[in-house]
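Note sheet for the following structure.
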Amino acid sequence: MKNFESLFAELTEKAETRPEGSGTVAELDQGVHFIGKKIVEEAAEVWMAAEFQSDAEFAEEASQLIYHLQVMMIAKGLTPEDIYTYL
Ligand SMILES: N=c1c2ncn([C@@H]3O[C@H](COP(=O)(O)OP(=O)(O)OP(=O)(O)O)[C@@H](O)[C@H]3O)c2ncn1[C@@H]1O[C@H](COP(=O)(O)O)[C@@H](O)[C@H]1O
């Protein structure tokens, strides 16, 4: 099963090797403004799922928020350690 670190490593490798068909590469190419909108969209979906949907749907939306947050971290050149400093 993936966790925060293993997903981040996978996405970092995608960003470096730029494989054909990678959604991560496509999202990175759209830039910080686009990724930011995806984060806001997913955050709203997390809220709606928590309030009105099942625990499984909430968990799925939360995973998508983490994914887009990690794409933004890569776009900005930040590592998990840069974030953990503030936890
Ligand atoms: N975990 C994720 C992940 N979570 C969310 N997403 C993306 O975020 C979108 C969110 O889905 P929604 O249904 O909420 O959004 P949507 O509005 O219907 O979809 P869009 O029209 O916005 O694409 C998905 O369509 C994916 O594009 C993800 N894309 C990839 N991953 C993982 O990231 C890794 C690398 O993926 P690739 O770069 O595509 O190879 C793989 O392990 C994937 O499983």
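By convention here, the chains of the structure tokens are called A, B, ... in the order presented, each chain's residues are numbered starting at 1, and ligands are numbered starting at 1 in the order presented.
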For ligand 1, return the neighbouring residues as a VMD selection string (distance at most 10 Å; only C-alpha atoms and all ligand atoms). chain A and resid 2 6 to 15 18 to 28 37 to 39 41 to 43 45 to 46 60 to 71
Alpha helix (DSSP H) residues, from DSSP on the backbone, in chain A, as JSON, numbers by chain: {"A": [4, 5, 6, 7, 8, 9, 10, 11, 12, 13, 14, 15, 16, 17, 23, 24, 25, 26, 27, 28, 29, 30, 32, 33, 34, 35, 36, 37, 38, 39, 40, 41, 42, 43, 44, 45, 46, 47, 48, 49, 50, 51, 52, 55, 56, 57, 58, 59, 60, 61, 62, 63, 64, 65, 66, 67, 68, 69, 70, 71, 72, 73, 74, 75, 76, 80, 81, 82, 83, 84]}
What's the separation between CA of Val40 (chain A) and CA of Asn3 (chain A), in Å to one decimal place? 21.9 Å
I need the residue nearest Met73 (chain A) from this list: A:Ala49, A:Met1, A:Val32, A:Ala56. Use only C-alpha atoms for the distance. A:Val32
Residue nearest Ile83 (chain A) among A:His33, A:Phe4, A:Asp55, A:Ala50 (counting only C-alpha atoms): A:Phe4
